[in-house]
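Student: This is run_11.cif (mmCIF, C-alpha atoms).
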```cif
data_final
#
loop_
_atom_site.label_atom_id
_atom_site.label_comp_id
_atom_site.auth_asym_id
_atom_site.auth_seq_id
_atom_site.Cartn_x
_atom_site.Cartn_y
_atom_site.Cartn_z
CA MET B 1 -10.78 37.91 -69.94
CA ASP B 2 -12.69 34.76 -68.93
CA LEU B 3 -9.50 32.88 -68.05
CA PRO B 4 -8.36 35.09 -65.11
CA THR B 5 -11.84 35.03 -63.61
CA THR B 6 -11.90 31.23 -63.66
CA PHE B 7 -8.38 31.19 -62.16
CA ASP B 8 -9.46 33.44 -59.22
CA ILE B 9 -12.47 31.16 -58.48
CA ASP B 10 -10.21 28.06 -58.45
CA ILE B 11 -7.91 29.70 -55.90
CA ASP B 12 -10.82 30.54 -53.57
CA ILE B 13 -12.24 27.00 -53.68
CA GLY B 14 -8.80 25.49 -53.11
CA THR B 15 -8.16 27.76 -50.13
CA ALA B 16 -11.53 26.89 -48.60
CA ILE B 17 -10.84 23.18 -48.98
CA THR B 18 -7.39 23.64 -47.43
CA LEU B 19 -8.81 25.54 -44.47
CA GLY B 20 -11.41 22.82 -43.99
CA VAL B 21 -8.72 20.14 -43.97
CA ILE B 22 -6.67 22.19 -41.47
CA LEU B 23 -9.71 22.47 -39.19
CA LEU B 24 -10.27 18.71 -39.41
CA LEU B 25 -6.61 18.04 -38.58
CA ILE B 26 -6.78 20.32 -35.51
CA ILE B 27 -9.86 18.40 -34.32
CA MET B 28 -7.97 15.13 -34.84
CA SER B 29 -4.99 16.50 -32.91
CA GLY B 30 -7.28 17.49 -30.05
CA PHE B 31 -8.79 14.01 -30.08
CA PHE B 32 -5.35 12.40 -29.82
CA SER B 33 -4.19 14.79 -27.08
CA GLY B 34 -7.34 14.29 -25.01
CA SER B 35 -7.25 10.52 -25.53
CA GLU B 36 -3.64 10.31 -24.35
CA THR B 37 -4.45 12.23 -21.16
CA ALA B 38 -7.68 10.31 -20.48
CA LEU B 39 -6.19 6.86 -21.04
CA THR B 40 -3.14 7.70 -18.94
CA ALA B 41 -5.07 9.26 -16.05
CA ALA B 42 -7.97 6.78 -15.99
CA SER B 43 -8.08 4.63 -12.88
CA LYS B 44 -7.03 1.12 -13.77
CA ALA B 45 -8.52 -0.20 -10.54
CA ARG B 46 -11.99 1.25 -11.23
CA LEU B 47 -11.94 0.19 -14.88
CA SER B 48 -10.84 -3.34 -13.93
CA GLN B 49 -13.80 -3.53 -11.57
CA LEU B 50 -16.13 -2.42 -14.39
CA ALA B 51 -14.53 -4.97 -16.73
CA ARG B 52 -15.18 -7.74 -14.19
CA LYS B 53 -18.83 -6.69 -14.18
CA GLY B 54 -19.01 -7.17 -17.96
CA SER B 55 -18.21 -3.73 -19.43
CA GLY B 56 -16.66 -4.19 -22.88
CA PRO B 57 -15.26 -0.63 -23.22
CA ALA B 58 -13.69 -0.91 -19.75
CA ALA B 59 -12.00 -4.19 -20.72
CA THR B 60 -10.69 -2.48 -23.88
CA VAL B 61 -9.19 0.40 -21.88
CA VAL B 62 -7.58 -1.98 -19.36
CA ALA B 63 -6.03 -3.95 -22.24
CA LEU B 64 -4.70 -0.74 -23.77
CA LYS B 65 -3.20 0.42 -20.46
CA GLU B 66 -1.43 -2.92 -20.11
CA LYS B 67 0.36 -2.21 -23.41
CA SER B 68 1.20 1.40 -22.63
CA ASP B 69 4.22 1.53 -24.96
CA SER B 70 2.11 0.62 -28.01
CA LEU B 71 -0.69 2.92 -26.85
CA ILE B 72 1.49 6.00 -26.37
CA GLY B 73 3.45 5.29 -29.53
CA ALA B 74 0.33 5.09 -31.72
CA ILE B 75 -1.23 8.22 -30.21
CA LEU B 76 1.98 10.24 -30.61
CA ILE B 77 2.37 9.13 -34.21
CA GLY B 78 -1.22 10.12 -35.03
CA ASN B 79 -0.95 13.41 -33.12
CA ASN B 80 2.31 14.44 -34.78
CA ILE B 81 1.06 13.57 -38.25
CA ALA B 82 -2.03 15.74 -37.68
CA ASN B 83 -0.04 18.69 -36.26
CA ILE B 84 2.72 18.64 -38.88
CA LEU B 85 0.33 18.25 -41.80
CA ALA B 86 -1.93 21.03 -40.49
CA SER B 87 1.05 23.39 -40.09
CA ALA B 88 2.36 22.58 -43.56
CA LEU B 89 -1.02 23.17 -45.19
CA ALA B 90 -1.54 26.43 -43.27
CA THR B 91 1.88 27.72 -44.32
CA SER B 92 1.23 26.82 -47.95
CA ALA B 93 -2.19 28.52 -47.90
CA MET B 94 -0.89 31.70 -46.26
CA ILE B 95 2.02 31.98 -48.71
CA ALA B 96 -0.46 31.67 -51.58
CA LEU B 97 -2.62 34.43 -50.11
CA MET B 98 -0.02 36.79 -48.61
CA GLY B 99 3.30 35.91 -50.13
CA GLU B 100 6.38 35.60 -47.91
CA ASN B 101 4.57 37.26 -44.98
CA GLY B 102 2.30 34.24 -44.90
CA VAL B 103 5.00 32.17 -43.11
CA ALA B 104 4.94 34.40 -40.02
CA VAL B 105 1.15 34.65 -40.03
CA ALA B 106 0.76 30.86 -40.38
CA THR B 107 3.20 30.28 -37.51
CA VAL B 108 1.36 32.60 -35.11
CA VAL B 109 -2.14 31.46 -36.08
CA MET B 110 -1.32 27.72 -35.95
CA THR B 111 0.51 28.05 -32.63
CA VAL B 112 -2.54 29.69 -31.04
CA LEU B 113 -4.99 27.20 -32.55
CA VAL B 114 -2.94 24.11 -31.69
CA VAL B 115 -2.14 25.19 -28.12
CA ILE B 116 -5.73 26.18 -27.27
CA PHE B 117 -7.90 23.77 -29.26
CA ALA B 118 -5.58 20.80 -29.81
CA GLU B 119 -3.77 20.70 -26.45
CA VAL B 120 -5.10 22.73 -23.51
CA LEU B 121 -8.86 22.39 -24.13
CA PRO B 122 -9.03 18.60 -24.76
CA LYS B 123 -6.50 17.80 -22.06
CA THR B 124 -8.31 19.96 -19.50
CA TYR B 125 -11.55 18.12 -20.20
CA ALA B 126 -9.80 14.74 -20.15
CA ILE B 127 -8.02 15.33 -16.84
CA ASN B 128 -11.34 16.24 -15.22
CA ASN B 129 -13.25 13.31 -16.75
CA PRO B 130 -10.60 10.62 -17.34
CA ASP B 131 -12.69 7.47 -16.83
CA LYS B 132 -15.69 8.76 -18.77
CA MET B 133 -13.61 9.90 -21.75
CA ALA B 134 -11.42 6.78 -21.70
CA LEU B 135 -14.49 4.55 -22.07
CA VAL B 136 -15.62 6.59 -25.11
CA VAL B 137 -12.29 6.81 -26.97
CA GLY B 138 -11.00 3.35 -26.01
CA PRO B 139 -12.47 1.41 -28.98
CA LEU B 140 -11.30 4.06 -31.50
CA ILE B 141 -7.78 4.13 -30.07
CA ARG B 142 -7.65 0.33 -30.08
CA ALA B 143 -8.30 0.42 -33.86
CA LEU B 144 -5.59 3.07 -34.26
CA VAL B 145 -3.10 0.97 -32.29
CA PHE B 146 -3.86 -2.05 -34.50
CA ILE B 147 -3.40 -0.04 -37.72
CA LEU B 148 -0.15 1.58 -36.58
CA THR B 149 1.35 -1.57 -35.04
CA PRO B 150 4.18 -1.86 -37.64
CA PHE B 151 5.13 1.80 -37.16
CA THR B 152 5.04 1.64 -33.34
CA TRP B 153 7.12 -1.55 -33.38
CA ALA B 154 9.73 0.05 -35.64
CA THR B 155 9.75 3.16 -33.44
CA ARG B 156 10.38 1.10 -30.29
CA VAL B 157 13.23 -0.75 -31.96
CA ILE B 158 14.89 2.47 -33.10
CA VAL B 159 14.43 4.16 -29.69
CA GLY B 160 15.72 1.11 -27.82
CA ALA B 161 18.78 0.83 -30.06
CA THR B 162 19.53 4.54 -29.73
CA LEU B 163 19.29 4.47 -25.94
CA LYS B 164 21.46 1.36 -25.82
CA LEU B 165 24.22 3.25 -27.65
CA PHE B 166 24.31 5.68 -24.72
CA GLY B 167 24.23 2.91 -22.12
CA VAL B 168 20.61 3.52 -21.11
CA SER B 169 18.45 0.44 -20.53
CA VAL B 170 14.68 0.61 -20.94
CA ALA B 171 13.07 -0.73 -17.78
CA ALA B 172 10.42 -3.39 -18.27
CA GLY B 173 8.23 -1.77 -15.62
CA LEU B 174 7.97 -1.06 -11.93
CA GLY B 175 9.56 -3.55 -9.56
CA HIS B 176 7.95 -4.86 -6.38
CA ASP B 177 9.42 -2.11 -4.18
CA GLU B 178 8.37 0.63 -6.58
CA ARG B 179 4.82 -0.73 -6.79
CA GLU B 180 4.61 -0.89 -3.01
CA GLU B 181 5.81 2.70 -2.70
CA GLU B 182 3.23 3.72 -5.30
CA LEU B 183 0.50 2.03 -3.25
CA ARG B 184 1.69 3.76 -0.08
CA GLY B 185 1.68 7.09 -1.88
CA LEU B 186 -1.88 6.56 -3.10
CA ILE B 187 -2.99 5.68 0.44
CA GLU B 188 -1.41 8.82 1.90
CA MET B 189 -2.93 11.02 -0.83
CA HIS B 190 -6.45 10.30 0.46
CA ALA B 191 -6.05 12.25 3.68
CA ASP B 192 -9.55 13.73 3.76
CA GLY B 193 -12.74 11.98 4.74
CA GLY B 194 -12.84 12.06 8.54
CA GLU B 195 -12.24 9.40 11.16
CA GLU B 196 -13.67 6.54 9.10
CA VAL B 197 -11.31 7.16 6.18
CA GLU B 198 -8.37 7.56 8.56
CA HIS B 199 -9.17 4.15 10.07
CA GLU B 200 -9.25 2.61 6.60
CA ARG B 201 -5.92 4.23 5.73
CA ALA B 202 -4.39 2.82 8.91
CA MET B 203 -5.61 -0.67 7.99
CA LEU B 204 -4.20 -0.42 4.47
CA ARG B 205 -0.84 0.74 5.83
CA SER B 206 -0.82 -2.19 8.26
CA ILE B 207 -1.54 -4.68 5.47
CA LEU B 208 1.46 -3.41 3.50
CA ASP B 209 3.61 -3.70 6.64
CA LEU B 210 2.81 -7.39 7.22
CA ALA B 211 5.77 -8.53 5.13
CA ASP B 212 8.17 -6.31 7.11
CA VAL B 213 7.06 -7.11 10.67
CA GLU B 214 8.23 -10.25 12.48
CA VAL B 215 6.17 -12.23 14.99
CA GLU B 216 8.62 -11.29 17.73
CA GLU B 217 7.28 -7.73 17.56
CA ILE B 218 3.64 -8.63 18.22
CA MET B 219 3.79 -11.89 20.19
CA THR B 220 2.71 -12.23 23.80
CA HIS B 221 6.00 -12.42 25.70
CA ARG B 222 6.66 -15.54 27.75
CA GLY B 223 6.43 -13.50 30.95
CA SER B 224 2.79 -12.71 30.13
CA VAL B 225 1.77 -16.13 28.80
CA ARG B 226 -0.70 -18.14 30.89
CA MET B 227 0.73 -21.66 31.10
CA ILE B 228 -0.40 -24.87 32.80
CA ASP B 229 1.65 -27.69 34.29
CA ALA B 230 0.63 -30.83 32.42
CA ASP B 231 1.20 -32.89 35.60
CA ALA B 232 -1.04 -30.74 37.80
CA PRO B 233 -4.08 -32.42 39.39
CA ILE B 234 -7.33 -32.06 37.47
CA ASP B 235 -8.88 -29.76 40.08
CA GLU B 236 -5.91 -27.39 39.99
CA LEU B 237 -5.84 -27.56 36.19
CA LEU B 238 -9.53 -26.64 35.99
CA ALA B 239 -9.04 -23.75 38.39
CA GLN B 240 -6.24 -22.32 36.24
CA VAL B 241 -8.31 -22.72 33.06
CA LEU B 242 -11.28 -20.90 34.63
CA GLU B 243 -9.05 -18.05 35.80
CA SER B 244 -7.61 -17.56 32.33
CA PRO B 245 -9.40 -15.40 29.71
CA PHE B 246 -7.88 -17.51 26.89
CA THR B 247 -9.26 -20.55 25.07
CA ARG B 248 -5.86 -22.06 24.22
CA LEU B 249 -3.18 -22.58 26.86
CA PRO B 250 0.33 -24.05 26.50
CA LEU B 251 1.13 -27.12 28.61
CA TYR B 252 4.62 -27.64 30.04
CA ARG B 253 6.43 -30.28 32.05
CA GLU B 254 9.07 -29.62 34.72
CA ASP B 255 10.32 -26.46 33.02
CA GLN B 256 8.36 -23.74 31.20
CA ASP B 257 10.79 -24.01 28.29
CA ASN B 258 9.57 -27.58 27.81
CA ILE B 259 6.26 -26.99 25.97
CA VAL B 260 4.61 -30.39 25.45
CA GLY B 261 1.17 -29.45 24.16
CA VAL B 262 -1.58 -26.89 23.72
CA LEU B 263 -4.83 -27.32 25.62
CA HIS B 264 -8.08 -26.07 24.08
CA VAL B 265 -10.74 -25.27 26.69
CA LYS B 266 -13.51 -26.76 24.54
CA ALA B 267 -11.61 -30.05 24.23
CA LEU B 268 -11.17 -30.09 28.01
CA LEU B 269 -14.91 -29.62 28.60
CA ARG B 270 -15.76 -32.41 26.16
CA ALA B 271 -13.31 -34.72 27.86
CA ILE B 272 -14.66 -33.96 31.33
CA ARG B 273 -18.22 -34.60 30.14
CA ALA B 274 -17.20 -37.92 28.57
CA ALA B 275 -15.18 -38.97 31.65
CA LYS B 276 -18.12 -39.57 33.98
CA GLY B 277 -17.22 -42.14 36.59
CA MET B 278 -13.48 -41.79 35.90
CA THR B 279 -11.24 -41.11 38.89
CA PRO B 280 -9.32 -37.79 38.81
CA GLU B 281 -6.02 -39.68 38.89
CA ALA B 282 -6.93 -41.48 35.66
CA PHE B 283 -7.57 -38.26 33.75
CA ASP B 284 -4.71 -37.57 31.29
CA VAL B 285 -4.71 -34.02 29.95
CA MET B 286 -2.09 -34.93 27.34
CA ALA B 287 -4.60 -37.27 25.67
CA ILE B 288 -6.71 -34.28 24.61
CA ALA B 289 -3.90 -31.74 24.07
CA ALA B 290 -2.83 -30.73 20.58
CA GLU B 291 0.74 -30.94 19.38
CA PRO B 292 2.54 -27.61 19.88
CA TRP B 293 3.43 -25.77 16.68
CA PHE B 294 6.84 -24.11 17.00
CA ILE B 295 7.78 -21.22 14.73
CA PRO B 296 10.95 -19.07 14.62
CA ASP B 297 10.77 -15.53 15.98
CA THR B 298 11.95 -14.15 12.62
CA THR B 299 8.82 -15.30 10.75
CA THR B 300 7.08 -12.36 9.08
CA LEU B 301 3.43 -11.69 9.81
CA LEU B 302 2.52 -12.21 6.16
CA ASP B 303 4.15 -15.67 6.11
CA GLN B 304 2.58 -16.57 9.45
CA LEU B 305 -0.87 -15.45 8.31
CA GLN B 306 -0.55 -17.70 5.26
CA ALA B 307 0.65 -20.55 7.47
CA PHE B 308 -2.32 -20.13 9.82
CA ARG B 309 -4.66 -20.38 6.83
CA GLU B 310 -2.95 -23.42 5.33
CA ARG B 311 -2.77 -25.34 8.62
CA ARG B 312 -6.18 -24.11 9.80
CA GLU B 313 -4.69 -23.26 13.17
CA HIS B 314 -4.91 -20.16 15.35
CA PHE B 315 -2.06 -20.62 17.83
CA ALA B 316 1.72 -20.99 17.54
CA VAL B 317 4.63 -21.12 20.00
CA VAL B 318 7.49 -18.74 19.19
CA VAL B 319 11.09 -19.87 19.78
CA ASP B 320 14.44 -18.20 19.13
CA GLU B 321 17.35 -19.54 17.11
CA TYR B 322 18.41 -21.75 20.04
CA GLY B 323 14.94 -23.26 20.47
CA SER B 324 14.20 -21.36 23.69
CA PHE B 325 10.58 -20.46 24.37
CA MET B 326 9.96 -16.76 23.73
CA GLY B 327 6.19 -16.37 23.64
CA VAL B 328 3.04 -17.19 21.70
CA VAL B 329 1.32 -15.65 18.70
CA THR B 330 -2.27 -16.12 17.56
CA LEU B 331 -4.28 -15.39 14.46
CA GLU B 332 -6.07 -12.70 16.45
CA ASP B 333 -2.73 -10.98 17.13
CA ILE B 334 -2.09 -10.65 13.40
CA LEU B 335 -5.63 -9.50 12.65
CA GLU B 336 -5.28 -6.86 15.36
CA GLU B 337 -2.24 -5.54 13.55
CA ILE B 338 -4.55 -4.77 10.64
CA VAL B 339 -7.83 -3.67 12.22
CA GLY B 340 -6.68 -2.57 15.68
CA ASP B 341 -7.43 -4.12 19.06
CA ILE B 342 -10.26 -6.66 19.11
CA LEU B 343 -11.73 -6.79 22.61
CA ASP B 344 -14.36 -9.27 23.77
CA GLU B 345 -16.15 -9.68 27.10
CA HIS B 346 -13.22 -11.62 28.53
CA ASP B 347 -10.42 -9.31 27.43
CA VAL B 348 -8.76 -6.92 29.82
CA ALA B 349 -8.27 -3.59 28.06
CA VAL B 350 -4.85 -2.50 29.29
CA SER B 351 -3.26 -0.05 26.91
CA GLY B 352 -0.19 0.65 29.03
CA VAL B 353 -0.31 4.36 28.10
CA ARG B 354 -1.71 7.12 30.30
CA PRO B 355 -1.83 10.65 28.82
CA GLN B 356 -1.05 13.36 31.39
CA PRO B 357 -2.51 16.88 31.73
CA ASP B 358 0.87 18.45 30.90
CA GLY B 359 0.97 16.75 27.48
CA SER B 360 3.31 13.95 28.49
CA TYR B 361 2.58 10.20 28.50
CA VAL B 362 3.30 7.64 31.20
CA VAL B 363 4.12 4.46 29.31
CA GLU B 364 4.83 0.93 30.46
CA GLY B 365 8.15 -0.33 29.17
CA SER B 366 6.56 -3.36 27.50
CA VAL B 367 4.35 -1.26 25.19
CA THR B 368 5.38 -1.84 21.58
CA ILE B 369 6.65 0.97 19.39
CA ARG B 370 4.26 -0.09 16.63
CA ASP B 371 1.25 0.38 18.92
CA LEU B 372 2.45 3.86 19.91
CA ASN B 373 3.09 4.89 16.32
CA ARG B 374 -0.29 3.63 15.19
CA GLU B 375 -2.25 5.09 18.11
CA PHE B 376 -0.66 8.57 18.21
CA GLU B 377 0.64 8.96 14.63
CA TRP B 378 4.23 9.06 15.88
CA ASP B 379 7.26 8.07 13.85
CA LEU B 380 9.48 6.28 16.36
CA PRO B 381 11.89 3.80 14.72
CA ASP B 382 11.20 0.11 15.33
CA GLU B 383 14.05 -1.47 13.38
CA GLU B 384 16.36 -2.07 16.36
CA ALA B 385 13.81 -2.52 19.17
CA SER B 386 10.18 -3.63 19.39
CA THR B 387 9.24 -2.06 22.77
CA ILE B 388 9.66 1.46 24.10
CA ALA B 389 11.99 0.21 26.84
CA GLY B 390 14.10 -1.54 24.21
CA LEU B 391 14.34 1.70 22.23
CA VAL B 392 15.64 3.59 25.28
CA LEU B 393 18.19 0.83 25.93
CA TYR B 394 19.35 0.90 22.32
CA GLU B 395 19.68 4.68 22.14
CA SER B 396 21.25 5.19 25.57
CA ARG B 397 23.67 2.23 25.17
CA LYS B 398 23.32 1.45 28.89
CA ILE B 399 20.83 0.39 31.55
CA PRO B 400 19.46 3.70 32.88
CA GLU B 401 18.82 4.50 36.52
CA VAL B 402 15.48 5.71 37.85
CA GLY B 403 15.22 9.48 37.34
CA GLN B 404 17.60 9.63 34.35
CA GLU B 405 16.43 11.49 31.27
CA PHE B 406 17.27 11.13 27.59
CA SER B 407 16.21 13.06 24.51
CA PHE B 408 15.95 11.55 21.04
CA HIS B 409 13.48 11.14 18.15
CA GLY B 410 11.51 14.22 19.23
CA PHE B 411 10.81 13.04 22.81
CA ARG B 412 12.29 13.40 26.27
CA PHE B 413 12.30 10.08 28.13
CA ARG B 414 12.39 9.93 31.94
CA ILE B 415 12.79 6.60 33.74
CA LEU B 416 10.11 6.31 36.44
CA ARG B 417 10.44 2.70 37.56
CA ARG B 418 12.90 -0.15 37.09
CA HIS B 419 12.75 -3.80 38.13
CA ARG B 420 16.23 -5.29 38.22
CA ASN B 421 17.59 -4.52 34.74
CA GLN B 422 14.17 -4.01 33.15
CA MET B 423 12.58 -0.57 32.69
CA THR B 424 8.92 -0.97 33.61
CA LEU B 425 7.64 2.61 33.51
CA LEU B 426 8.70 5.73 31.59
CA ARG B 427 7.45 9.25 30.99
CA MET B 428 7.52 10.45 27.38
CA THR B 429 7.30 14.19 26.75
CA PRO B 430 7.13 15.51 23.18
CA ILE B 431 9.83 18.10 22.56
CA THR B 432 8.30 21.27 21.14
CA GLU B 433 10.54 22.96 18.60
CA PRO B 434 11.00 26.68 19.37
CA SER B 435 9.22 28.86 16.82
CA GLY B 436 11.38 31.14 14.74
CA GLY B 437 11.38 34.89 15.50
#
```
Could you express the structure from this file as structure tokens?
Tutor:
Amino acid sequence: MDLPTTFDIDIDIGTAITLGVILLLIIMSGFFSGSETALTAASKARLSQLARKGSGPAATVVALKEKSDSLIGAILIGNNIANILASALATSAMIALMGENGVAVATVVMTVLVVIFAEVLPKTYAINNPDKMALVVGPLIRALVFILTPFTWATRVIVGATLKLFGVSVAAGLGHDEREEELRGLIEMHADGGEEVEHERAMLRSILDLADVEVEEIMTHRGSVRMIDADAPIDELLAQVLESPFTRLPLYREDQDNIVGVLHVKALLRAIRAAKGMTPEAFDVMAIAAEPWFIPDTTTLLDQLQAFRERREHFAVVVDEYGSFMGVVTLEDILEEIVGDILDEHDVAVSGVRPQPDGSYVVEGSVTIRDLNREFEWDLPDEEASTIAGLVLYESRKIPEVGQEFSFHGFRFRILRRHRNQMTLLRMTPITEPSGG
């Protein structure tokens, strides 16, 4: 009679040990699930900043995120081993206790336990505290990745070979365009925060646009450029300099297409001070003028900004493909594309846009589409034209008469004034879509 009693006690102890192992495996599964979510959702930008400040755990997490294939592979291997082993042990224990009915009971019980305690609970915590949890689990996961390196490598080889059989290539990562779109998406996601945040979003959008915008779109057109005749008498030259709000002025000879130099007001003042006793006829403005820097109108703002930095210059003359003078562009013009208009005490604040009480806008034809889009959050296309007058010309396919109206891109355009073949003033009225009944 002693033998059966001993046998019953052995079964109870074995079942208790099995249940304890199952509990431990569920905890391990929850750790892997939460770690995967935390390490995936953690902000790489914030962690990189912490790593630069000397945080060891942050540097570990950044290194893990850079090798995401090894990271995910190791976590999935560990998670699946824990789940499969826990299910197998639970099934075995339930069969021993309940016979064949134990299979169904083990399936139901393990499904509930795994879903709640090994998936939903740890992942919910991790998604709400990704950076905090990533810093805690990072060193442990790094050790796991190192231990499972042979298995993750073999897994990647098998997966890659299998996909190749079906003609699917594994991308190495995001390309430049995809990364830029990801950045734009992140910028647009942060829509809350008031006027200050909106201004920051606008600046970030403008920075990303620098590589897509050409200097032709932001330059000061030749018709608006203040220029000085290099052969003008010194008194006339001084008068023109004093009337101008600019510190750098192009010099021309005979024809305004013939730019021969760029005069800096400070250099002129130094020269006048040093020329005491010199007759006005002996004063040569070309001796103090800088060489003009000619750039093509197709130069992007990003390239031009880099060129300004490398040459340590602030002023360039824009020419077309035939070498004809088109306008000038300055470092300030490019900076204004990022931060908005920069006005000083000598600037004349002329926006060229006058909102009307009826909701329309009276706009000068020379106002750029980019300025309108940025100021009013519009979405007018600027691929085929840089100014609002150019857009009307492109869409209408003709030179409109005063009083003509056109409707496109959500606006009604009415021509108010025209000088020769140039539209100088327009009225833009947003078209309100009729509400559905």
Student: List the residues matched by the PyMOL selection byres ((chain B and resi 43) around 12) in the displayed structure as a list in words, ordered by chain and then by residue number.
Tutor: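 Selected by the PyMOL selection byres ((chain B and resi 43) around 12) here: Thr37, Ala38, Leu39, Thr40, Ala41, Ala42, Lys44, Ala45, Arg46, Leu47, Ser48, Gln49, Leu50, Ala58, Val61, Val62, Lys65, Ile127, Asn129, Pro130, Asp131, Lys132, Met133, Ala134, Leu135 and Leu186 of chain B.
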Student: Select, from B:Gly30, B:Gly410, B:Gly359, B:Pro245, the residue with the minimum atom-to-atom distance to Leu380 (chain B), counting only C-alpha atoms.
Tutor: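 Ranked by minimum distance to Leu380 (chain B), first place goes to B:Gly410.
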Student: Here is a test: counting only C-alpha atoms, which residue of B:Ala232, B:Met326, B:Leu25, B:Val339 is nearest to Ala118 (chain B)?
Tutor: B:Leu25
Student: I'd like to know which of B:Pro400, B:Gly185, B:Pro430, B:Pro296 is closest to Val317 (chain B), using only C-alpha atoms.
Tutor: B:Pro296
Student: Pick out the closest residue to Leu331 (chain B) from this set: B:Val260, B:Met219, B:Ala274, B:Ala290. Count all atoms listed in the file.
Tutor: B:Met219
Student: Which one is closest to Ala93 (chain B): B:Gln306, B:Ser396, B:Gly14, B:Leu113? Count only C-alpha atoms.
Tutor: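 The answer is B:Gly14, which sits nearest to Ala93 (chain B).
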Student: Kindly indicate which residue among B:Val392, B:Val103, B:Ile147, B:Val215 lies nearest to Ala74 (chain B), using all atoms listed in the file for the distances.
Tutor: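 Nearest candidate to Ala74 (chain B) out of B:Val392, B:Val103, B:Ile147, B:Val215: B:Ile147.
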Student: Assuming the input is short of atoms at region 353-369 of chain B, produce N, CA and C atoms for that part as a PDB file, in the coordinates of the input.
Tutor:
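part-v9.pdb written:
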```pdb
ATOM      1  N   VAL B 353      -0.654   2.961  28.363  1.00  0.00           N
ATOM      2  CA  VAL B 353      -0.310   4.360  28.100  1.00  0.00           C
ATOM      3  C   VAL B 353      -1.331   5.247  28.798  1.00  0.00           C
ATOM      4  N   ARG B 354      -0.817   6.203  29.588  1.00  0.00           N
ATOM      5  CA  ARG B 354      -1.710   7.120  30.300  1.00  0.00           C
ATOM      6  C   ARG B 354      -1.326   8.562  29.950  1.00  0.00           C
ATOM      7  N   PRO B 355      -2.117   9.234  29.121  1.00  0.00           N
ATOM      8  CA  PRO B 355      -1.830  10.650  28.820  1.00  0.00           C
ATOM      9  C   PRO B 355      -1.957  11.500  30.079  1.00  0.00           C
ATOM     10  N   GLN B 356      -1.072  12.489  30.225  1.00  0.00           N
ATOM     11  CA  GLN B 356      -1.050  13.360  31.390  1.00  0.00           C
ATOM     12  C   GLN B 356      -1.518  14.766  31.023  1.00  0.00           C
ATOM     13  N   PRO B 357      -2.020  15.517  32.012  1.00  0.00           N
ATOM     14  CA  PRO B 357      -2.510  16.880  31.730  1.00  0.00           C
ATOM     15  C   PRO B 357      -1.464  17.801  31.122  1.00  0.00           C
ATOM     16  N   ASP B 358      -0.179  17.567  31.423  1.00  0.00           N
ATOM     17  CA  ASP B 358       0.870  18.450  30.900  1.00  0.00           C
ATOM     18  C   ASP B 358       1.301  18.095  29.482  1.00  0.00           C
ATOM     19  N   GLY B 359       0.619  17.124  28.853  1.00  0.00           N
ATOM     20  CA  GLY B 359       0.970  16.750  27.480  1.00  0.00           C
ATOM     21  C   GLY B 359       1.928  15.591  27.377  1.00  0.00           C
ATOM     22  N   SER B 360       2.411  15.091  28.505  1.00  0.00           N
ATOM     23  CA  SER B 360       3.310  13.950  28.490  1.00  0.00           C
ATOM     24  C   SER B 360       2.514  12.647  28.554  1.00  0.00           C
ATOM     25  N   TYR B 361       3.222  11.512  28.455  1.00  0.00           N
ATOM     26  CA  TYR B 361       2.580  10.200  28.500  1.00  0.00           C
ATOM     27  C   TYR B 361       3.381   9.301  29.434  1.00  0.00           C
ATOM     28  N   VAL B 362       2.679   8.647  30.356  1.00  0.00           N
ATOM     29  CA  VAL B 362       3.300   7.640  31.200  1.00  0.00           C
ATOM     30  C   VAL B 362       3.082   6.293  30.520  1.00  0.00           C
ATOM     31  N   VAL B 363       4.190   5.643  30.158  1.00  0.00           N
ATOM     32  CA  VAL B 363       4.120   4.460  29.310  1.00  0.00           C
ATOM     33  C   VAL B 363       4.826   3.291  29.981  1.00  0.00           C
ATOM     34  N   GLU B 364       4.180   2.136  29.976  1.00  0.00           N
ATOM     35  CA  GLU B 364       4.830   0.930  30.460  1.00  0.00           C
ATOM     36  C   GLU B 364       5.917   0.510  29.488  1.00  0.00           C
ATOM     37  N   GLY B 365       7.016   0.008  30.021  1.00  0.00           N
ATOM     38  CA  GLY B 365       8.150  -0.330  29.170  1.00  0.00           C
ATOM     39  C   GLY B 365       7.866  -1.407  28.146  1.00  0.00           C
ATOM     40  N   SER B 366       6.859  -2.246  28.405  1.00  0.00           N
ATOM     41  CA  SER B 366       6.560  -3.360  27.500  1.00  0.00           C
ATOM     42  C   SER B 366       5.672  -2.946  26.326  1.00  0.00           C
ATOM     43  N   VAL B 367       5.195  -1.699  26.304  1.00  0.00           N
ATOM     44  CA  VAL B 367       4.350  -1.260  25.190  1.00  0.00           C
ATOM     45  C   VAL B 367       5.181  -1.232  23.905  1.00  0.00           C
ATOM     46  N   THR B 368       4.621  -1.767  22.831  1.00  0.00           N
ATOM     47  CA  THR B 368       5.380  -1.840  21.580  1.00  0.00           C
ATOM     48  C   THR B 368       5.405  -0.497  20.864  1.00  0.00           C
ATOM     49  N   ILE B 369       6.487  -0.272  20.153  1.00  0.00           N
ATOM     50  CA  ILE B 369       6.650   0.970  19.390  1.00  0.00           C
ATOM     51  C   ILE B 369       5.595   1.056  18.287  1.00  0.00           C
TER      52      ILE B 369
END
```
